[in-house]
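Containing compact mmCIF, C-alpha atoms: run21.txt.
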```txt
# COMPACT_ATOMS: atom_id res chain seq x y z
CA MET A 1 1.83 -11.76 -13.50
CA LYS A 2 4.91 -12.24 -11.35
CA THR A 3 6.56 -9.09 -9.99
CA PHE A 4 10.03 -8.40 -8.58
CA LEU A 5 9.88 -5.02 -6.80
CA GLY A 6 12.76 -3.22 -5.14
CA THR A 7 15.27 -6.04 -5.41
CA THR A 8 18.22 -6.98 -7.61
CA ASP A 9 17.90 -10.56 -6.39
CA PHE A 10 15.63 -11.80 -9.18
CA PHE A 11 15.86 -15.05 -11.09
CA ILE A 12 13.74 -16.46 -13.92
CA LYS A 13 14.31 -20.04 -14.98
CA GLU A 14 12.20 -19.89 -18.17
CA GLU A 15 13.78 -18.57 -21.37
CA THR A 16 12.71 -14.97 -21.77
CA ALA A 17 12.26 -12.08 -24.16
CA LEU A 18 12.94 -8.91 -22.22
CA ALA A 19 11.98 -5.31 -22.99
CA ILE A 20 13.91 -2.53 -21.28
CA GLY A 21 12.87 1.08 -20.75
CA LYS A 22 11.74 3.68 -18.22
CA PHE A 23 8.06 2.93 -18.86
CA ASP A 24 6.68 5.95 -17.05
CA GLY A 25 3.19 5.27 -18.26
CA LEU A 26 2.62 2.48 -20.76
CA HIS A 27 1.69 4.52 -23.82
CA ARG A 28 1.31 4.24 -27.59
CA GLY A 29 4.96 5.14 -28.03
CA HIS A 30 5.63 1.66 -26.67
CA GLU A 31 3.26 0.00 -29.15
CA TYR A 32 5.86 -1.50 -31.48
CA LEU A 33 7.95 -2.61 -28.52
CA LEU A 34 5.00 -4.43 -26.96
CA GLU A 35 4.05 -5.99 -30.28
CA ALA A 36 7.59 -7.37 -30.64
CA LEU A 37 7.60 -8.64 -27.05
CA LEU A 38 4.22 -10.35 -27.33
CA GLN A 39 5.26 -11.91 -30.64
CA LYS A 40 8.18 -13.51 -28.81
CA LYS A 41 5.73 -14.68 -26.15
CA ALA A 42 3.67 -16.31 -28.91
CA GLU A 43 6.83 -18.09 -30.03
CA GLY A 44 7.25 -19.61 -26.57
CA LEU A 45 9.40 -17.16 -24.61
CA THR A 46 8.32 -15.63 -21.30
CA ALA A 47 7.53 -11.93 -21.76
CA VAL A 48 9.44 -9.75 -19.29
CA ILE A 49 9.53 -6.01 -18.67
CA PHE A 50 12.68 -4.65 -17.01
CA THR A 51 12.43 -1.15 -15.63
CA PHE A 52 13.38 0.73 -12.49
CA GLU A 53 11.19 1.22 -9.47
CA THR A 54 9.97 4.75 -8.97
CA PRO A 55 11.47 6.40 -5.87
CA PRO A 56 9.88 9.44 -4.21
CA GLN A 57 10.19 12.29 -6.68
CA SER A 58 10.74 16.00 -6.30
CA GLU A 59 8.07 18.50 -7.35
CA ASN A 60 9.54 18.97 -10.83
CA LYS A 61 9.80 15.24 -11.51
CA LYS A 62 6.24 14.03 -11.18
CA ILE A 63 5.41 10.66 -12.70
CA LEU A 64 2.65 9.36 -14.94
CA SER A 65 2.34 6.01 -13.19
CA THR A 66 3.24 4.71 -9.74
CA ASN A 67 4.88 1.33 -9.27
CA ARG A 68 1.51 -0.24 -8.54
CA GLU A 69 -0.10 1.40 -11.56
CA LYS A 70 2.76 0.24 -13.80
CA CYS A 71 2.25 -3.34 -12.68
CA ASP A 72 -1.47 -3.11 -13.37
CA LEU A 73 -0.82 -1.78 -16.88
CA PHE A 74 1.76 -4.46 -17.65
CA ALA A 75 -0.51 -7.24 -16.41
CA ARG A 76 -3.38 -6.00 -18.58
CA ALA A 77 -1.02 -5.90 -21.58
CA GLY A 78 -0.22 -9.61 -21.19
CA ILE A 79 3.24 -9.37 -19.65
CA ASP A 80 4.34 -12.45 -17.69
CA VAL A 81 6.99 -10.94 -15.41
CA THR A 82 7.75 -7.36 -14.37
CA ILE A 83 11.08 -6.43 -12.80
CA LEU A 84 11.03 -3.06 -11.01
CA CYS A 85 14.69 -2.85 -10.09
CA PRO A 86 16.10 -0.33 -7.59
CA PHE A 87 18.53 2.12 -9.16
CA ASP A 88 21.13 1.56 -6.46
CA GLU A 89 24.86 2.25 -6.54
CA THR A 90 25.70 -1.22 -7.90
CA ILE A 91 23.28 -0.89 -10.81
CA ARG A 92 24.19 2.75 -11.45
CA CYS A 93 27.90 1.90 -11.83
CA MET A 94 27.44 -1.15 -14.07
CA ARG A 95 29.06 -0.85 -17.47
CA PRO A 96 26.79 -1.81 -20.40
CA GLU A 97 28.29 -5.26 -20.89
CA ALA A 98 28.07 -6.13 -17.19
CA PHE A 99 24.46 -4.95 -17.12
CA LEU A 100 23.49 -7.15 -20.07
CA ARG A 101 25.38 -10.14 -18.65
CA MET A 102 23.37 -9.72 -15.45
CA LEU A 103 20.10 -9.76 -17.40
CA LYS A 104 21.16 -12.79 -19.41
CA GLU A 105 22.14 -14.74 -16.31
CA ARG A 106 19.39 -13.72 -13.89
CA ALA A 107 16.51 -13.43 -16.36
CA ASN A 108 17.62 -16.24 -18.72
CA MET A 109 17.35 -13.69 -21.54
CA ARG A 110 17.29 -14.95 -25.11
CA CYS A 111 16.02 -11.76 -26.74
CA ILE A 112 16.13 -8.11 -25.72
CA ILE A 113 13.86 -5.42 -27.14
CA ALA A 114 14.41 -1.68 -26.81
CA GLY A 115 13.57 1.63 -28.47
CA THR A 116 15.85 3.57 -30.77
CA ASP A 117 16.48 6.09 -27.98
CA CYS A 118 17.41 3.54 -25.31
CA THR A 119 20.31 4.23 -22.96
CA PHE A 120 21.71 1.97 -20.25
CA GLY A 121 24.81 1.32 -18.20
CA TYR A 122 27.21 3.64 -16.42
CA ARG A 123 26.82 7.25 -17.55
CA LYS A 124 24.42 6.03 -20.26
CA GLU A 125 27.31 4.55 -22.24
CA GLY A 126 24.96 1.97 -23.74
CA ASN A 127 22.65 2.83 -26.64
CA ALA A 128 20.89 1.01 -29.45
CA VAL A 129 24.13 0.48 -31.42
CA VAL A 130 26.00 -0.81 -28.37
CA LEU A 131 23.07 -3.07 -27.54
CA GLN A 132 23.21 -4.71 -30.97
CA GLU A 133 26.99 -5.12 -30.77
CA LEU A 134 26.83 -6.72 -27.33
CA GLY A 135 23.94 -8.92 -28.42
CA GLN A 136 26.21 -10.51 -31.02
CA LYS A 137 29.04 -10.88 -28.50
CA LEU A 138 26.87 -12.34 -25.73
CA SER A 139 24.69 -14.47 -28.04
CA PHE A 140 21.21 -13.08 -27.61
CA GLU A 141 18.81 -11.66 -30.19
CA THR A 142 18.36 -7.90 -30.30
CA LYS A 143 15.36 -6.00 -31.61
CA ILE A 144 15.38 -2.21 -31.89
CA VAL A 145 11.97 -0.67 -32.53
CA GLU A 146 10.74 2.77 -33.57
CA LYS A 147 8.23 4.91 -31.68
CA LEU A 148 4.87 6.06 -32.93
CA GLN A 149 4.45 9.79 -33.47
CA HIS A 150 1.71 12.28 -32.73
CA GLU A 151 1.58 15.64 -34.49
CA GLY A 152 5.09 15.12 -35.87
CA ARG A 153 6.71 14.27 -32.52
CA ASP A 154 7.66 10.94 -30.96
CA ILE A 155 5.15 9.86 -28.34
CA SER A 156 7.06 9.81 -25.08
CA SER A 157 6.50 10.12 -21.36
CA THR A 158 7.95 13.63 -21.50
CA TYR A 159 5.48 14.67 -24.22
CA ILE A 160 2.55 13.21 -22.29
CA ARG A 161 3.60 14.85 -19.03
CA GLU A 162 3.70 18.21 -20.82
CA THR A 163 0.19 17.61 -22.14
CA VAL A 164 -1.22 16.54 -18.75
CA ARG A 165 0.31 19.64 -17.13
CA GLU A 166 -1.56 21.72 -19.72
CA GLY A 167 -4.84 20.00 -18.82
CA ASP A 168 -5.36 18.74 -22.38
CA MET A 169 -6.67 15.35 -21.35
CA GLU A 170 -8.08 14.46 -24.77
CA LYS A 171 -4.62 14.78 -26.35
CA ALA A 172 -2.92 12.96 -23.48
CA ASN A 173 -5.41 10.10 -23.74
CA VAL A 174 -4.84 9.74 -27.49
CA MET A 175 -1.10 9.32 -26.86
CA LEU A 176 -1.62 6.96 -23.93
CA GLY A 177 -4.17 4.80 -25.70
CA TYR A 178 -6.37 4.87 -22.58
CA PRO A 179 -7.66 7.58 -20.19
CA TYR A 180 -5.09 9.08 -17.87
CA PHE A 181 -5.91 7.91 -14.37
CA VAL A 182 -5.09 8.19 -10.71
CA SER A 183 -5.67 5.35 -8.28
CA GLY A 184 -5.77 4.97 -4.53
CA LYS A 185 -7.96 4.32 -1.53
CA VAL A 186 -11.09 6.31 -0.71
CA ARG A 187 -10.36 8.59 2.27
CA HIS A 188 -12.64 10.23 4.78
CA GLY A 189 -13.31 13.85 3.82
CA ASN A 190 -15.13 16.72 5.49
CA GLN A 191 -18.57 15.51 4.32
CA ILE A 192 -19.41 18.90 2.77
CA GLY A 193 -20.60 17.26 -0.45
CA ARG A 194 -23.00 15.06 1.46
CA ARG A 195 -24.31 18.06 3.43
CA ILE A 196 -25.21 19.93 0.23
CA GLY A 197 -26.73 16.88 -1.45
CA ILE A 198 -23.80 16.07 -3.76
CA PRO A 199 -21.84 13.24 -2.08
CA THR A 200 -18.25 12.73 -3.18
CA MET A 201 -15.42 10.23 -2.87
CA ASN A 202 -12.09 11.63 -1.73
CA LEU A 203 -8.82 10.22 -3.06
CA ILE A 204 -5.36 11.55 -2.11
CA PRO A 205 -2.81 10.38 -4.73
CA GLU A 206 0.77 9.41 -3.99
CA PRO A 207 2.90 12.57 -3.71
CA ALA A 208 4.93 11.72 -6.81
CA LYS A 209 1.88 11.27 -9.05
CA LEU A 210 1.40 13.92 -11.73
CA LEU A 211 -2.04 15.52 -11.64
CA PRO A 212 -3.59 17.81 -14.23
CA PRO A 213 -4.03 21.48 -13.24
CA ASN A 214 -6.37 22.20 -10.35
CA GLY A 215 -9.90 22.29 -11.68
CA VAL A 216 -13.03 20.32 -12.50
CA TYR A 217 -12.95 17.42 -14.97
CA VAL A 218 -15.31 14.98 -16.63
CA THR A 219 -14.22 11.58 -15.31
CA THR A 220 -15.08 7.94 -15.02
CA THR A 221 -14.27 6.00 -11.86
CA GLU A 222 -13.70 2.26 -11.66
CA ILE A 223 -14.98 0.56 -8.51
CA ASN A 224 -14.72 -3.22 -8.17
CA GLY A 225 -14.25 -3.55 -11.92
CA VAL A 226 -17.27 -1.38 -12.84
CA ARG A 227 -16.84 2.08 -14.36
CA HIS A 228 -19.12 4.95 -13.32
CA ALA A 229 -19.48 8.35 -14.99
CA GLY A 230 -18.89 11.40 -12.85
CA VAL A 231 -17.22 14.73 -12.31
CA SER A 232 -14.04 15.34 -10.28
CA ASN A 233 -12.35 18.29 -8.66
CA VAL A 234 -8.56 18.32 -8.49
CA GLY A 235 -7.25 20.74 -5.91
CA VAL A 236 -7.34 22.01 -2.34
CA LYS A 237 -11.07 22.77 -1.92
CA PRO A 238 -10.55 26.50 -1.36
CA THR A 239 -14.19 27.25 -0.45
CA VAL A 240 -14.22 24.91 2.54
CA GLU A 241 -10.58 24.27 3.45
CA GLY A 242 -8.06 26.24 1.42
CA ASN A 243 -4.86 24.62 2.72
CA ALA A 244 -5.86 20.97 2.38
CA PRO A 245 -3.59 18.47 0.60
CA VAL A 246 -4.24 18.26 -3.13
CA SER A 247 -6.89 15.60 -3.67
CA VAL A 248 -9.19 14.20 -6.33
CA GLU A 249 -12.79 14.54 -5.12
CA THR A 250 -15.35 12.79 -7.29
CA HIS A 251 -19.13 12.82 -7.53
CA LEU A 252 -20.60 9.83 -9.38
CA PHE A 253 -23.90 10.24 -11.22
CA SER A 254 -25.40 6.82 -10.57
CA PHE A 255 -23.59 5.26 -7.63
CA GLU A 256 -24.43 5.20 -3.94
CA GLY A 257 -22.02 4.01 -1.29
CA GLU A 258 -19.19 5.27 0.86
CA ASN A 259 -16.48 2.71 0.00
CA TYR A 260 -14.02 4.07 2.55
CA GLY A 261 -10.72 2.23 2.39
CA GLU A 262 -11.48 0.63 -0.98
CA GLU A 263 -9.21 0.98 -4.00
CA ILE A 264 -10.65 3.03 -6.88
CA LYS A 265 -9.33 4.38 -10.16
CA THR A 266 -10.45 7.74 -11.56
CA GLU A 267 -9.91 8.44 -15.28
CA PHE A 268 -9.73 11.98 -16.65
CA LEU A 269 -11.65 12.58 -19.89
CA SER A 270 -11.85 16.36 -20.34
CA PHE A 271 -11.38 19.67 -18.53
CA LEU A 272 -14.45 21.71 -17.52
CA ARG A 273 -13.19 24.74 -15.57
CA PRO A 274 -10.44 25.90 -13.16
CA GLU A 275 -10.84 25.40 -9.42
CA LYS A 276 -12.47 28.43 -7.80
CA ARG A 277 -13.15 29.77 -4.34
CA PHE A 278 -16.86 30.53 -3.86
CA PRO A 279 -18.30 32.98 -1.31
CA ASP A 280 -20.41 30.35 0.46
CA LEU A 281 -21.71 26.78 0.25
CA THR A 282 -24.81 27.81 -1.68
CA ALA A 283 -22.68 29.23 -4.48
CA LEU A 284 -20.49 26.11 -4.39
CA GLN A 285 -23.57 23.89 -4.64
CA GLU A 286 -24.89 25.84 -7.64
CA ALA A 287 -21.52 25.60 -9.41
CA MET A 288 -21.27 21.86 -8.72
CA ARG A 289 -24.75 21.26 -10.10
CA ALA A 290 -23.82 23.21 -13.24
CA ASP A 291 -20.63 21.14 -13.56
CA ILE A 292 -22.66 17.94 -13.25
CA GLU A 293 -25.14 18.96 -15.92
CA LYS A 294 -22.38 19.94 -18.35
CA ALA A 295 -20.50 16.71 -17.69
CA LYS A 296 -23.67 14.67 -18.26
CA GLU A 297 -24.17 16.42 -21.59
CA LEU A 298 -20.61 15.60 -22.64
CA THR A 299 -20.91 11.96 -21.55
CA ARG A 300 -24.56 11.65 -22.64
CA VAL A 301 -25.61 10.25 -19.29
```

For this file, write the structure as structure tokens.
Amino acid sequence: MKTFLGTTDFFIKEETALAIGKFDGLHRGHEYLLEALLQKKAEGLTAVIFTFETPPQSENKKILSTNREKCDLFARAGIDVTILCPFDETIRCMRPEAFLRMLKERANMRCIIAGTDCTFGYRKEGNAVVLQELGQKLSFETKIVEKLQHEGRDISSTYIRETVREGDMEKANVMLGYPYFVSGKVRHGNQIGRRIGIPTMNLIPEPAKLLPPNGVYVTTTEINGVRHAGVSNVGVKPTVEGNAPVSVETHLFSFEGENYGEEIKTEFLSFLRPEKRFPDLTALQEAMRADIEKAKELTRV
């Protein structure tokens, strides 16, 4: 997959079908949109996603997927080109028609696909109706698609973020269509897990990444394309550190290796218990062993 990241200077010579949206997490709410886009790919057009790159976010605007994670999801979905455009002053002030003319010229757009709730252009003046009107004027095909629902509500990034914040990973994963995950490089930790016979891998996510509530979770971790069952703690390790950066610390049931500096992906399956401060390392070890046994029962390892 070809990627344009952080630039408005993109150009695609092939004729394209282009889907627009925020795409914070590629989820089942995008299912009809992806189906329409991939159908156009089957008809000979290049499948393009146009979205905006994710800048550093404030505490109350955490994201489901980083730029790198978005690209990975799009590539796995069969997208040919991803444009992660900066939301700079020029783009922000573009009127809807100017914005669509830019896409037609720079991305050789022949078809545009968007959801019923799409907005674009200066002060969100563009919507699904405007998109269809301008499609006729500028001579490109327009497809407006519905979203899937879950429990009577449209599946959206907002809905999924609410669910992740509640720690209901099973519900979040149903709406995503895959396990919610965090990715990054394995960092050196304090080696406490190794000292008590339960070695762990330490991953510190990007600051903008949304994490579930601090606690212990049943997880699977992908290393070099292979997934391993395990248990992960999200939090600050209050028994041994207390003021450490929030991290995802994972013990794998059947994997040995340090893998420092390697990229891994940890997927959250279900919540076990809140993070807790224990009086000493012996109590921590006992709790971790109990967590492992419960997680193995749930995953049938």

Atom CA of A:Glu89 to atom CA of A:Glu53: how many Å, to one decimal?
14.0 Å

Here is a test: counting only C-alpha atoms, which residue of A:Val248, A:Ile63, A:Leu211, A:Leu176 is nearest to A:Asp24?
A:Ile63

Using all atoms listed in the file, what residues lie at most 12 Å away from (-13.7, 0.8, -11.6) (file coordinates), given as a list in words?
Phe181, Val182, Ser183, Gly184, Thr219, Thr220, Thr221, Glu222, Ile223, Asn224, Gly225, Val226, Arg227, His228, Ala229, Gly230, Leu252, Phe255, Glu262, Glu263, Ile264, Lys265, Thr266 and Glu267 of chain A

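Considering only C-alpha atoms, the residue among A:Met169, A:Ala98, A:Val174, A:Leu284 positioned nearest to A:Phe271 is A:Met169.
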
Answer as JSON, numbers by chain, residues within 12 Å of (7.7, -0.6, -30.5) using only C-alpha atoms
{"A": [19, 20, 21, 26, 27, 28, 29, 30, 31, 32, 33, 34, 35, 36, 37, 38, 39, 113, 114, 115, 116, 117, 118, 143, 144, 145, 146, 147, 148, 149, 154, 155, 156]}

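For the pair atom CA of A:Leu269 and atom CA of A:Val218, the separation is 5.5 Å.
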
Compile the contact shell of A:Lys70 as an NGL selection string: residues with an atom at most 10 Å away, counting all atoms listed in the file, same-chain residues fewer than 6 positions apart removed.
:A and (23-26 or 51 or 53-54 or 64 or 76 or 82 or 84)
